[in-house]
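Trainee: What follows is start-v2.tsv, made up of TSV, C-alpha atoms:
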chain	number	residue	atom	x	y	z
A	17	MET	CA	3.89	-6.63	-4.64
A	18	LYS	CA	1.79	-9.56	-3.59
A	19	GLU	CA	-1.56	-10.06	-5.30
A	20	GLN	CA	-3.42	-9.99	-1.98
A	21	GLU	CA	-1.84	-6.63	-1.13
A	22	ILE	CA	-2.87	-5.21	-4.51
A	23	LEU	CA	-6.38	-6.59	-4.03
A	24	ASP	CA	-6.63	-5.01	-0.58
A	25	PHE	CA	-5.27	-1.73	-1.90
A	26	ALA	CA	-7.62	-1.68	-4.92
A	27	ARG	CA	-10.56	-2.13	-2.54
A	28	THR	CA	-9.77	1.23	-0.94
A	29	GLU	CA	-10.47	2.89	-4.32
A	30	PRO	CA	-7.31	4.99	-4.29
A	31	ASN	CA	-6.76	8.00	-6.51
A	32	TRP	CA	-3.69	8.18	-8.74
A	33	GLU	CA	-1.59	10.15	-6.23
A	34	GLU	CA	-2.27	7.57	-3.50
A	35	THR	CA	-1.48	4.80	-5.99
A	36	LEU	CA	1.91	6.29	-6.88
A	37	ASP	CA	2.63	6.88	-3.22
A	38	TRP	CA	1.70	3.33	-2.30
A	39	ILE	CA	3.80	1.77	-5.07
A	40	ILE	CA	6.86	3.85	-4.15
A	41	SER	CA	6.53	2.89	-0.51
A	42	GLU	CA	5.77	-0.81	-1.16
A	43	GLU	CA	8.63	-1.21	-3.63
A	44	GLY	CA	11.10	0.61	-1.40
A	45	ILE	CA	11.88	3.15	-4.11
A	46	ASP	CA	13.79	6.13	-2.73
A	47	PRO	CA	11.17	8.93	-2.77
A	48	TRP	CA	13.97	11.49	-2.96
A	49	ASP	CA	15.57	9.95	-6.00
A	50	VAL	CA	12.92	8.17	-8.05
A	51	ASP	CA	14.25	6.07	-10.91
A	52	LEU	CA	11.55	6.79	-13.50
A	53	VAL	CA	12.34	3.73	-15.61
A	54	GLU	CA	11.99	1.48	-12.56
A	55	LEU	CA	8.83	3.28	-11.45
A	56	SER	CA	7.33	2.89	-14.90
A	57	ASN	CA	8.08	-0.86	-14.91
A	58	VAL	CA	6.62	-1.37	-11.45
A	59	PHE	CA	3.56	0.76	-12.26
A	60	SER	CA	2.83	-1.24	-15.44
A	61	LYS	CA	3.10	-4.53	-13.55
A	62	PHE	CA	0.80	-3.14	-10.87
A	63	VAL	CA	-1.88	-2.11	-13.42
A	64	GLU	CA	-1.55	-5.50	-15.15
A	65	LYS	CA	-2.19	-7.33	-11.86
A	66	TRP	CA	-5.04	-4.97	-10.99
A	67	GLN	CA	-6.75	-5.80	-14.30
A	68	LYS	CA	-6.34	-9.51	-13.58
A	69	PHE	CA	-8.80	-9.15	-10.71
A	70	ASN	CA	-11.41	-7.95	-13.23
A	71	PHE	CA	-11.41	-4.50	-11.68
A	72	THR	CA	-11.96	-1.57	-13.96
A	73	VAL	CA	-8.75	0.48	-13.85
A	74	PRO	CA	-9.59	4.16	-13.31
A	75	ALA	CA	-8.88	6.32	-16.36
A	76	ARG	CA	-6.51	8.62	-14.47
A	77	ILE	CA	-4.34	5.68	-13.46
A	78	VAL	CA	-4.15	4.58	-17.10
A	79	ILE	CA	-3.14	8.13	-18.06
A	80	VAL	CA	-0.41	8.14	-15.39
A	81	MET	CA	0.84	4.80	-16.71
A	82	ALA	CA	0.89	6.16	-20.28
A	83	ILE	CA	2.85	9.24	-19.15
A	84	LEU	CA	5.33	7.09	-17.24
A	85	LEU	CA	5.82	4.80	-20.24
A	86	ARG	CA	6.43	7.80	-22.45
A	87	ILE	CA	9.02	9.18	-20.02
A	88	LYS	CA	10.63	5.73	-19.90
A	89	VAL	CA	10.86	5.55	-23.71
A	90	GLU	CA	12.34	9.05	-23.86
A	91	LEU	CA	14.91	8.23	-21.17
A	92	LEU	CA	15.91	4.95	-22.81
A	93	MET	CA	16.17	6.58	-26.25
A	94	TRP	CA	18.33	9.28	-24.73
A	95	GLU	CA	20.57	6.65	-23.13
A	96	GLU	CA	20.87	4.83	-26.46
A	97	GLU	CA	21.88	8.05	-28.19
A	98	GLU	CA	24.48	8.71	-25.52
A	99	LYS	CA	25.90	5.22	-25.98
A	100	GLU	CA	26.14	5.68	-29.75
A	101	ILE	CA	27.97	8.96	-29.32
A	102	GLU	CA	30.40	7.37	-26.85
A	103	ALA	CA	31.03	4.43	-29.15
A	104	LYS	CA	31.87	6.76	-32.04
A	105	ASP	CA	34.16	8.94	-29.99
A	106	ILE	CA	36.39	6.25	-28.48
A	107	ASP	CA	38.41	3.82	-30.52
A	108	ILE	CA	40.26	1.53	-28.09
A	109	GLU	CA	42.64	0.21	-30.76
A	110	GLU	CA	43.84	3.71	-31.52
A	111	LEU	CA	44.56	4.25	-27.83
A	112	ASP	CA	46.99	1.33	-27.91
A	113	ILE	CA	45.93	-0.07	-24.55
A	114	ASP	CA	46.05	-3.72	-23.57
A	115	VAL	CA	42.63	-4.26	-22.00
A	116	SER	CA	43.94	-7.15	-19.89
A	117	ASP	CA	46.20	-4.63	-18.11
A	118	ILE	CA	43.22	-2.75	-16.77
A	119	PRO	CA	42.55	-3.94	-13.22
A	120	HIS	CA	39.07	-5.17	-12.40
A	121	LEU	CA	37.32	-2.57	-10.30
A	122	GLU	CA	34.58	-3.27	-7.84
A	123	ALA	CA	32.68	-0.41	-6.28
A	124	PRO	CA	32.63	-0.60	-2.49
A	125	LYS	CA	29.30	-1.86	-1.17
A	126	LYS	CA	27.30	0.80	0.51
A	127	ARG	CA	24.73	0.03	3.15
A	128	LYS	CA	21.14	1.11	2.59
A	129	PRO	CA	20.60	3.03	5.79
A	130	VAL	CA	17.39	1.62	7.21
A	131	ARG	CA	16.45	3.20	10.48
A	132	LYS	CA	13.90	2.76	13.21
A	133	ALA	CA	10.73	4.80	13.17
A	134	THR	CA	10.87	7.69	15.60
A	135	ALA	CA	8.42	8.63	18.32
A	136	GLU	CA	7.69	11.80	16.31
A	137	GLU	CA	6.72	9.68	13.31
A	138	LEU	CA	4.51	7.54	15.53
A	139	ILE	CA	2.69	10.65	16.70
A	140	GLU	CA	2.32	11.93	13.14
A	141	ALA	CA	1.00	8.51	12.08
A	142	PHE	CA	-1.65	8.78	14.81
A	143	ARG	CA	-2.92	12.01	13.26
A	144	LYS	CA	-2.65	10.59	9.73
A	145	ALA	CA	-4.70	7.51	10.72
A	146	PHE	CA	-7.67	9.77	11.41
A	147	GLU	CA	-7.06	11.74	8.24
A	148	THR	CA	-7.30	8.40	6.41
A	149	GLN	CA	-10.57	7.71	8.21
A	150	ASP	CA	-11.98	11.15	7.26
A	151	ARG	CA	-10.92	10.65	3.64
A	152	ARG	CA	-12.52	7.22	3.52
A	153	LYS	CA	-15.74	8.59	5.03
A	154	LYS	CA	-15.82	11.45	2.52
A	155	ARG	CA	-15.26	9.03	-0.37
A	156	LYS	CA	-17.98	6.73	0.93
A	157	SER	CA	-20.55	9.50	1.36
A	158	GLY	CA	-19.67	10.83	-2.12
A	159	ARG	CA	-20.31	7.39	-3.54
A	160	GLU	CA	-23.62	7.10	-1.69
A	161	LYS	CA	-24.64	10.55	-2.89
A	162	ARG	CA	-23.94	9.60	-6.49
A	163	VAL	CA	-26.01	6.43	-6.09
A	164	ARG	CA	-28.85	8.41	-4.49
A	165	GLU	CA	-28.78	10.90	-7.35
A	166	ALA	CA	-28.84	8.13	-9.92
A	167	MET	CA	-31.57	6.18	-8.16
A	168	PRO	CA	-33.67	8.50	-6.03
A	169	ILE	CA	-35.72	6.59	-3.51
A	170	ASP	CA	-38.72	8.64	-2.46
A	171	GLY	CA	-42.49	8.48	-2.30
A	172	THR	CA	-42.87	9.66	-5.87
A	173	GLN	CA	-41.25	6.52	-7.23
A	174	GLU	CA	-43.39	4.36	-9.42
A	175	ASP	CA	-44.09	0.83	-8.41
A	176	ILE	CA	-41.73	-1.64	-10.13
A	177	GLU	CA	-44.67	-3.65	-11.52
A	178	GLU	CA	-46.05	-0.46	-12.99
A	179	ARG	CA	-42.70	0.31	-14.61
A	180	ILE	CA	-42.48	-3.19	-16.07
A	181	GLU	CA	-45.92	-2.88	-17.63
A	182	LYS	CA	-45.23	0.62	-18.97
A	183	LEU	CA	-42.01	-0.58	-20.62
A	184	TYR	CA	-43.74	-3.62	-22.05
A	185	SER	CA	-46.49	-1.56	-23.67
A	186	ARG	CA	-43.88	0.84	-25.03
A	187	ILE	CA	-41.99	-2.08	-26.61
A	188	ASP	CA	-45.23	-3.49	-27.96
A	189	ASN	CA	-46.21	-0.13	-29.52
A	190	ILE	CA	-42.82	0.42	-31.12
A	191	LEU	CA	-42.54	-3.11	-32.55
A	192	GLU	CA	-46.07	-3.04	-33.95
A	193	ASN	CA	-44.97	-0.38	-36.41
A	194	MET	CA	-41.67	-1.99	-37.31
A	195	LYS	CA	-41.03	-4.54	-40.02
A	196	GLU	CA	-37.94	-6.18	-38.56
A	197	GLY	CA	-39.60	-6.83	-35.20
A	198	LYS	CA	-36.57	-5.63	-33.27
A	199	THR	CA	-35.79	-2.40	-31.46
A	200	THR	CA	-32.98	-1.14	-29.27
A	201	PHE	CA	-32.87	-0.34	-25.57
A	202	SER	CA	-31.76	3.23	-26.31
A	203	ASP	CA	-34.83	3.77	-28.52
A	204	LEU	CA	-37.06	2.72	-25.64
A	205	LEU	CA	-35.91	5.55	-23.40
A	206	PRO	CA	-37.46	9.01	-23.62
A	207	VAL	CA	-34.06	10.57	-22.85
A	208	TRP	CA	-30.66	8.88	-22.62
A	209	ASN	CA	-29.49	9.64	-19.11
A	210	ARG	CA	-28.35	7.64	-16.12
A	211	GLU	CA	-31.67	7.90	-14.29
A	212	GLU	CA	-33.69	6.62	-17.27
A	213	VAL	CA	-31.24	3.80	-17.94
A	214	VAL	CA	-31.41	2.62	-14.32
A	215	LYS	CA	-35.22	3.04	-14.24
A	216	ASN	CA	-35.78	0.93	-17.35
A	217	PHE	CA	-32.99	-1.61	-17.19
A	218	THR	CA	-34.40	-3.63	-14.26
A	219	PRO	CA	-37.90	-3.85	-15.86
A	220	LEU	CA	-36.24	-4.99	-19.10
A	221	LEU	CA	-34.37	-7.74	-17.26
A	222	SER	CA	-37.57	-8.76	-15.59
A	223	LEU	CA	-39.47	-8.95	-18.92
A	224	ASN	CA	-36.61	-10.93	-20.42
A	225	GLN	CA	-36.69	-13.31	-17.45
A	226	GLU	CA	-40.41	-13.83	-17.88
A	227	GLY	CA	-39.90	-14.53	-21.58
A	228	ARG	CA	-42.22	-11.71	-22.63
A	229	VAL	CA	-39.35	-10.04	-24.48
A	230	ILE	CA	-35.98	-11.32	-25.70
A	231	ALA	CA	-33.09	-8.98	-24.93
A	232	ASN	CA	-29.71	-9.55	-26.56
A	233	GLN	CA	-26.43	-7.76	-26.06
A	234	GLU	CA	-23.54	-8.82	-28.27
A	235	ASP	CA	-20.82	-7.20	-26.20
A	236	TYR	CA	-20.44	-5.58	-22.78
A	237	PHE	CA	-21.57	-1.93	-22.66
A	238	LYS	CA	-22.84	-2.17	-26.24
A	239	GLU	CA	-26.42	-1.75	-27.51
A	240	ILE	CA	-29.15	-4.11	-26.28
A	241	PHE	CA	-31.54	-5.40	-28.95
A	242	VAL	CA	-35.10	-6.13	-27.87
A	243	GLU	CA	-37.75	-8.26	-29.58
A	244	MET	CA	-41.02	-9.78	-28.49
A	245	GLY	CA	-40.81	-13.09	-26.65
A	246	ASP	CA	-42.96	-16.20	-26.81
A	247	SER	CA	-44.80	-15.57	-23.56
A	248	VAL	CA	-47.53	-13.09	-24.23
A	249	GLY	CA	-47.99	-10.65	-21.41
B	2	MET	CA	37.58	-18.24	28.85
B	3	ILE	CA	37.53	-17.82	25.10
B	4	PRO	CA	40.10	-15.28	23.90
B	5	LEU	CA	38.55	-12.56	21.75
B	6	ASP	CA	39.46	-12.64	18.13
B	7	ASN	CA	39.68	-9.11	16.68
B	8	ASP	CA	39.24	-10.24	13.11
B	9	THR	CA	36.03	-12.14	13.91
B	10	ARG	CA	34.72	-9.22	15.89
B	11	ALA	CA	35.39	-6.93	12.92
B	12	THR	CA	33.52	-9.33	10.62
B	13	VAL	CA	30.54	-9.47	13.00
B	14	GLU	CA	30.44	-5.68	13.12
B	15	ALA	CA	30.74	-5.41	9.33
B	16	ALA	CA	27.96	-7.96	8.79
B	17	MET	CA	25.59	-6.12	11.11
B	18	PHE	CA	26.55	-2.79	9.59
B	19	ILE	CA	25.81	-3.79	6.00
B	20	SER	CA	22.73	-5.93	6.60
B	21	SER	CA	19.37	-4.25	6.33
B	22	ARG	CA	17.81	-6.98	8.51
B	23	PRO	CA	18.72	-8.19	12.01
B	24	LEU	CA	21.10	-11.18	12.01
B	25	SER	CA	20.74	-14.24	14.23
B	26	VAL	CA	23.65	-15.78	16.16
B	27	ARG	CA	23.42	-18.75	13.80
B	28	LYS	CA	23.74	-16.53	10.74
B	29	LEU	CA	26.66	-14.63	12.26
B	30	GLY	CA	28.24	-17.98	13.13
B	31	SER	CA	27.99	-19.15	9.53
B	32	ILE	CA	29.47	-15.85	8.27
B	33	THR	CA	32.43	-15.94	10.64
B	34	GLY	CA	32.80	-19.73	10.86
B	35	LYS	CA	32.68	-19.54	14.66
B	36	GLU	CA	30.62	-21.35	17.27
B	37	GLY	CA	27.51	-19.67	18.67
B	38	LYS	CA	29.19	-19.34	22.07
B	39	GLU	CA	32.03	-17.31	20.61
B	40	VAL	CA	29.67	-15.15	18.54
B	41	ARG	CA	27.65	-14.36	21.68
B	42	LYS	CA	30.82	-13.37	23.51
B	43	ILE	CA	31.75	-11.02	20.69
B	44	LEU	CA	28.23	-9.56	20.66
B	45	ASP	CA	28.52	-8.89	24.41
B	46	GLU	CA	31.79	-7.05	23.84
B	47	ILE	CA	30.27	-4.95	21.03
B	48	ARG	CA	27.27	-4.16	23.22
B	49	LYS	CA	29.51	-2.99	26.06
B	50	ASP	CA	31.63	-0.83	23.75
B	51	PHE	CA	28.68	0.78	22.01
B	52	SER	CA	26.90	1.49	25.29
B	53	LYS	CA	29.56	4.10	26.07
B	54	LYS	CA	28.30	7.65	25.78
B	55	CYS	CA	30.75	8.49	23.02
B	56	HIS	CA	28.92	6.13	20.62
B	57	GLY	CA	25.79	7.17	18.73
B	58	VAL	CA	24.87	3.61	17.83
B	59	GLU	CA	24.06	0.57	19.94
B	60	LEU	CA	23.72	-3.16	19.57
B	61	PHE	CA	20.02	-3.95	19.53
B	62	GLU	CA	18.63	-7.39	20.17
B	63	SER	CA	15.11	-8.29	19.11
B	64	THR	CA	13.24	-11.50	18.39
B	65	GLU	CA	14.58	-11.30	14.85
B	66	GLY	CA	18.23	-11.15	15.89
B	67	TYR	CA	20.97	-8.56	16.38
B	68	GLU	CA	21.48	-5.27	14.59
B	69	ILE	CA	23.36	-2.03	14.97
B	70	ARG	CA	20.99	0.88	15.30
B	71	VAL	CA	21.12	4.56	16.15
B	72	LYS	CA	20.52	5.14	19.86
B	73	PRO	CA	16.92	6.38	20.31
B	74	LYS	CA	18.30	9.46	22.07
B	75	HIS	CA	19.96	10.66	18.85
B	76	LEU	CA	17.40	9.40	16.34
B	77	ASP	CA	15.28	12.57	16.20
B	78	LYS	CA	18.34	14.62	15.20
B	79	VAL	CA	19.50	12.32	12.40
B	80	SER	CA	16.44	10.45	11.16
B	81	HIS	CA	15.85	12.96	8.33
B	82	LEU	CA	19.11	11.81	6.73
B	83	THR	CA	17.53	8.59	5.48
B	84	PRO	CA	14.02	8.05	4.11
B	85	TYR	CA	14.10	4.30	4.81
B	86	SER	CA	12.26	3.30	7.94
B	87	ASP	CA	11.85	-0.36	8.88
B	88	LEU	CA	8.13	0.22	9.41
B	89	SER	CA	5.85	1.14	6.51
B	90	ARG	CA	3.47	4.06	6.85
B	91	GLY	CA	0.50	1.71	7.18
B	92	GLN	CA	2.21	-0.33	9.89
B	93	LEU	CA	3.09	2.88	11.70
B	94	LYS	CA	-0.54	4.05	11.65
B	95	VAL	CA	-1.70	0.79	13.21
B	96	LEU	CA	1.09	0.94	15.79
B	97	ALA	CA	0.16	4.53	16.67
B	98	LEU	CA	-3.48	3.60	17.20
B	99	VAL	CA	-2.50	0.70	19.45
B	100	ALA	CA	-0.03	2.88	21.36
B	101	PHE	CA	-2.35	5.82	21.96
B	102	LYS	CA	-5.77	4.21	22.01
B	103	GLY	CA	-4.88	0.70	23.17
B	104	PRO	CA	-6.11	-1.71	24.21
B	105	ILE	CA	-8.10	-1.33	21.02
B	106	LYS	CA	-10.22	-3.78	19.03
B	107	GLN	CA	-8.83	-5.04	15.72
B	108	SER	CA	-12.19	-4.23	14.08
B	109	GLY	CA	-11.90	-0.64	15.43
B	110	ILE	CA	-8.57	-0.21	13.67
B	111	ALA	CA	-10.00	-1.58	10.41
B	112	LYS	CA	-12.83	0.95	10.68
B	113	ILE	CA	-10.31	3.78	10.91
B	114	ILE	CA	-7.76	2.83	8.29
B	115	GLY	CA	-9.54	0.19	6.21
B	116	ASN	CA	-9.15	-3.51	5.54
B	117	ARG	CA	-5.43	-3.26	4.90
B	118	ALA	CA	-5.11	-2.98	8.67
B	119	TYR	CA	-5.40	-6.76	9.03
B	120	SER	CA	-2.18	-7.49	7.16
B	121	TYR	CA	-0.34	-4.69	9.03
B	122	ILE	CA	-1.54	-6.17	12.33
B	123	LYS	CA	-0.16	-9.58	11.30
B	124	ASP	CA	3.23	-8.04	10.42
B	125	LEU	CA	3.43	-6.14	13.70
B	126	GLU	CA	2.40	-9.18	15.69
B	127	LYS	CA	5.08	-11.21	13.93
B	128	ARG	CA	7.64	-8.61	14.97
B	129	ARG	CA	6.18	-8.78	18.48
B	130	LEU	CA	5.62	-5.03	18.61
B	131	ILE	CA	1.97	-5.69	19.48
B	132	ARG	CA	0.15	-8.62	21.02
B	133	THR	CA	-3.39	-9.73	20.35
B	134	GLU	CA	-5.91	-11.27	22.65
B	135	LYS	CA	-9.21	-12.84	21.59
B	136	HIS	CA	-12.18	-10.63	22.45
B	137	GLY	CA	-15.49	-12.12	21.33
B	138	ARG	CA	-15.45	-12.27	17.54
B	139	THR	CA	-12.56	-9.82	17.22
B	140	LYS	CA	-9.20	-9.32	18.91
B	141	LYS	CA	-7.92	-6.70	21.30
B	142	LEU	CA	-4.50	-5.24	20.60
B	143	GLU	CA	-1.94	-3.94	23.05
B	144	ILE	CA	1.69	-2.82	22.84
B	145	THR	CA	4.46	-5.10	24.11
B	146	ASP	CA	7.78	-4.75	25.90
B	147	GLU	CA	9.41	-5.16	22.50
B	148	PHE	CA	7.53	-2.00	21.45
B	149	LYS	CA	8.97	-0.09	24.43
B	150	ASN	CA	12.37	-1.47	23.59
B	151	TYR	CA	12.00	-0.34	19.96
B	152	PHE	CA	11.14	3.25	20.88
B	153	GLY	CA	13.60	3.29	23.76
B	154	ILE	CA	11.02	4.06	26.43
B	155	GLU	CA	10.37	2.62	29.87
B	156	GLU	CA	6.68	3.40	30.08
B	157	ARG	CA	3.91	4.19	27.63
B	158	ARG	CA	3.39	7.45	29.57
B	159	GLU	CA	6.60	8.85	28.04
B	160	LEU	CA	5.08	8.61	24.57
B	161	GLU	CA	1.77	10.02	25.75
B	162	GLU	CA	3.56	13.06	27.14
B	163	LYS	CA	5.24	13.62	23.79
B	164	LEU	CA	1.89	13.26	22.07
B	165	GLU	CA	0.33	15.77	24.44
B	166	GLU	CA	3.19	18.20	23.91
B	167	ARG	CA	3.02	17.89	20.13
B	168	LEU	CA	-0.70	17.86	19.44
B	169	GLY	CA	-2.03	19.89	22.38
B	170	GLU	CA	-5.80	20.27	22.28
B	171	GLU	CA	-6.11	18.31	19.08
B	172	MET	CA	-4.88	15.25	20.97
B	173	GLU	CA	-7.93	14.93	23.21
B	174	LYS	CA	-10.17	15.22	20.15
B	175	LEU	CA	-8.28	12.47	18.36
B	176	ARG	CA	-7.98	10.18	21.36
B	177	HIS	CA	-11.70	10.21	21.92
B	178	LYS	CA	-12.65	10.04	18.29
B	179	GLU	CA	-14.95	7.10	17.78
B	180	GLU	CA	-13.95	4.30	15.49
B	181	ASP	CA	-17.16	4.79	13.52
Translate the structure of the given file into structure tokens.

Mentor:
Amino acid sequence: MKEQEILDFARTEPNWEETLDWIISEEGIDPWDVDLVELSNVFSKFVEKWQKFNFTVPARIVIVMAILLRIKVELLMWEEEEKEIEAKDIDIEELDIDVSDIPHLEAPKKRKPVRKATAEELIEAFRKAFETQDRRKKRKSGREKRVREAMPIDGTQEDIEERIEKLYSRIDNILENMKEGKTTFSDLLPVWNREEVVKNFTPLLSLNQEGRVIANQEDYFKEIFVEMGDSVG
Amino acid sequence: MIPLDNDTRATVEAAMFISSRPLSVRKLGSITGKEGKEVRKILDEIRKDFSKKCHGVELFESTEGYEIRVKPKHLDKVSHLTPYSDLSRGQLKVLALVAFKGPIKQSGIAKIIGNRAYSYIKDLEKRRLIRTEKHGRTKKLEITDEFKNYFGIEERRELEEKLEERLGEEMEKLRHKEED
């Protein structure tokens, strides 16, 4: 799997079924006889490369990887046990065989039967191409719907300047009554939900930019601490 | 006249049988230790033999070299016996769009199947199954003679008839679906 191919594939935001399907087809794994150990190795490498691009790996894909790794461990442990049993059962010395007498065997090479695509498959691919298009459209409109729900744009929206000032006076009020002079972003919100976070985060960035407040976040996705800045608003 | 060497012929056949990729005359020459002229002569003999009706395979020559393949006439009956096709599903989707909607813009294909289309187009162009022609800021794609050769057809119409037969009314809907 080339990095560019993985990058292109990740951009399509595939689900876990499509990911498995893609890996099996790209790696030329026989879909009728999947070697789970091999699949698990390839899948892990794929996720590793995906992460390298700084993409967030969807939770379901991580779960699939965990399941595959578990299956791999179980299979390998089972193989080990089998080997131990075999080793205990056979004692070559007792059999009184000169190993050098055993002829070297080489399995005959078998061709991997690659064939041409058929006209039937070409026709089916034509239909599938449009199914892909429909799926992509559906995914896109779902994404847009989620964004619209999180950030409704309508006439009832407050002006951004108004929101900035409201947030600033809220911070000012809270800090006035606090000894340590520091509050948290979550305490500034009336309710902790996506809409409120989105509504207040941009004004906070703007206040921070203007120097009216100082916002600090020690780690990604962790709490944001807010204190008054030097510029008085 | 170069006398035919049965042993070399057998090696050429064996090489093409076991290889998953087409082999060039040069490669076959290095395998058999024979001159290109002699290899070509052997290939001609194999082609003649396999073209007889009693054979289900044929010698196929493409830009990539020579290979033994199942005759297109028999492929539908036996293709289910192996899952390995030499075209990936993505490549096949692009090829189908070019075959049934071509000439079609490269950007139109990307709108239907996504950005991965660009790398599939490159692969197909490299195999000369499609050709591209500059069209403003994008490219227009069309099938080639190599494509017809690959599917064992004389004219594109033959494929369109199969498409019509298979998809019926759905076909018209799909053929006129916009690349939006």

Trainee: Which chain B residues have any atom within 9 Å of an atom of chain A, and for each, what is the nearest pair of atoms with distance in Å to one decimal, counting all atoms listed in the file, rows sorted by chain and number, as a tab-separated table?

Mentor:
residue	atom	partner	partner_atom	distance
B:Phe18	CA	A:Arg127	CA	7.3
B:Ile19	CA	A:Arg127	CA	4.9
B:Ser20	CA	A:Arg127	CA	7.2
B:Ser21	CA	A:Val130	CA	6.3
B:Arg22	CA	A:Val130	CA	8.7
B:Arg70	CA	A:Arg131	CA	7.0
B:Val71	CA	A:Arg131	CA	7.5
B:Pro73	CA	A:Thr134	CA	7.8
B:Leu76	CA	A:Thr134	CA	6.8
B:Asp77	CA	A:Thr134	CA	6.6
B:Ser80	CA	A:Arg131	CA	7.3
B:Leu82	CA	A:Pro129	CA	9.0
B:Thr83	CA	A:Pro129	CA	6.4
B:Pro84	CA	A:Asp46	CA	7.1
B:Tyr85	CA	A:Val130	CA	4.9
B:Ser86	CA	A:Arg131	CA	4.9
B:Asp87	CA	A:Lys132	CA	5.7
B:Leu88	CA	A:Ala133	CA	6.5
B:Ser89	CA	A:Ser41	CA	7.3
B:Arg90	CA	A:Ala141	CA	7.3
B:Gly91	CA	A:Ala141	CA	8.4
B:Leu93	CA	A:Ala141	CA	6.0
B:Lys94	CA	A:Ala141	CA	4.7
B:Val95	CA	A:Ala145	CA	7.8
B:Leu96	CA	A:Leu138	CA	7.4
B:Ala97	CA	A:Phe142	CA	5.0
B:Leu98	CA	A:Phe142	CA	6.0
B:Ala100	CA	A:Leu138	CA	8.7
B:Phe101	CA	A:Phe142	CA	7.8
B:Lys112	CA	A:Gln149	CA	7.5
B:Ile113	CA	A:Gln149	CA	4.8
B:Ile114	CA	A:Gln149	CA	5.6
B:Gly115	CA	A:Thr28	CA	7.2
B:Asn116	CA	A:Asp24	CA	6.8
B:Arg117	CA	A:Asp24	CA	5.9
B:Ser120	CA	A:Glu21	CA	8.3
B:Tyr151	CA	A:Lys132	CA	7.7
B:Phe152	CA	A:Ala135	CA	6.5
B:Leu160	CA	A:Ala135	CA	7.1
B:Lys163	CA	A:Ala135	CA	8.1
B:Leu164	CA	A:Ile139	CA	6.0
B:Arg167	CA	A:Ile139	CA	8.0
B:Leu168	CA	A:Ile139	CA	8.4
B:Met172	CA	A:Arg143	CA	8.6
B:Leu175	CA	A:Arg143	CA	7.4
B:Lys178	CA	A:Phe146	CA	8.5
B:Glu180	CA	A:Gln149	CA	8.7
B:Asp181	CA	A:Gln149	CA	9.0

Trainee: Figure out the distance between CA of Glu33 (chain A) and CA of Lys61 (chain A), please, to one decimal in Å.

Mentor: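 We find that CA of Lys61 (chain A) and CA of Glu33 (chain A) lie 17.1 Å from each other.
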
Trainee: With distances taken over only C-alpha atoms, which residue among A:His120, A:Arg210, A:Arg186, A:Lys198 lies nearest Val163 (chain A)?

Mentor: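 Of A:His120, A:Arg210, A:Arg186, A:Lys198, the one nearest Val163 (chain A) is A:Arg210, counting only C-alpha atoms.
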
Trainee: Please determine, counting only C-alpha atoms, which residue among B:Ile69, B:Ile32, B:Leu60, B:Ile154 has the shortest atom-to-atom distance to Met17 (chain B).

Mentor: B:Ile69

Trainee: From the list A:Leu191, A:Val58, A:Ala26, A:Phe201, which residue is nearest Val213 (chain A) when using only C-alpha atoms?

Mentor: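 That would be A:Phe201, the residue with the smallest distance to Val213 (chain A).
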
Trainee: Out of B:Asp6, B:Glu155, B:Glu65, B:Glu59, which residue has the shortest atom-to-atom distance to Lys127 (chain B) when counting only C-alpha atoms?

Mentor: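 Looking at the shortest contact to Lys127 (chain B), the residue is B:Glu65.
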
Trainee: Within 12 Å of (31.4, -6.2, 11.3) (coordinates as in the file), grab all the protein and nucleic acid residues, counting only C-alpha atoms, and write them out as a PyMOL selection string.

Mentor: chain B and resi 7-20+24+29+32-33+40+43-44+47+60+67-69

Trainee: Figure out the distance between CA of Met81 (chain A) and CA of Ser60 (chain A), please, to one decimal in Å.

Mentor: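 Distance reported for this atom pair: 6.5 Å.
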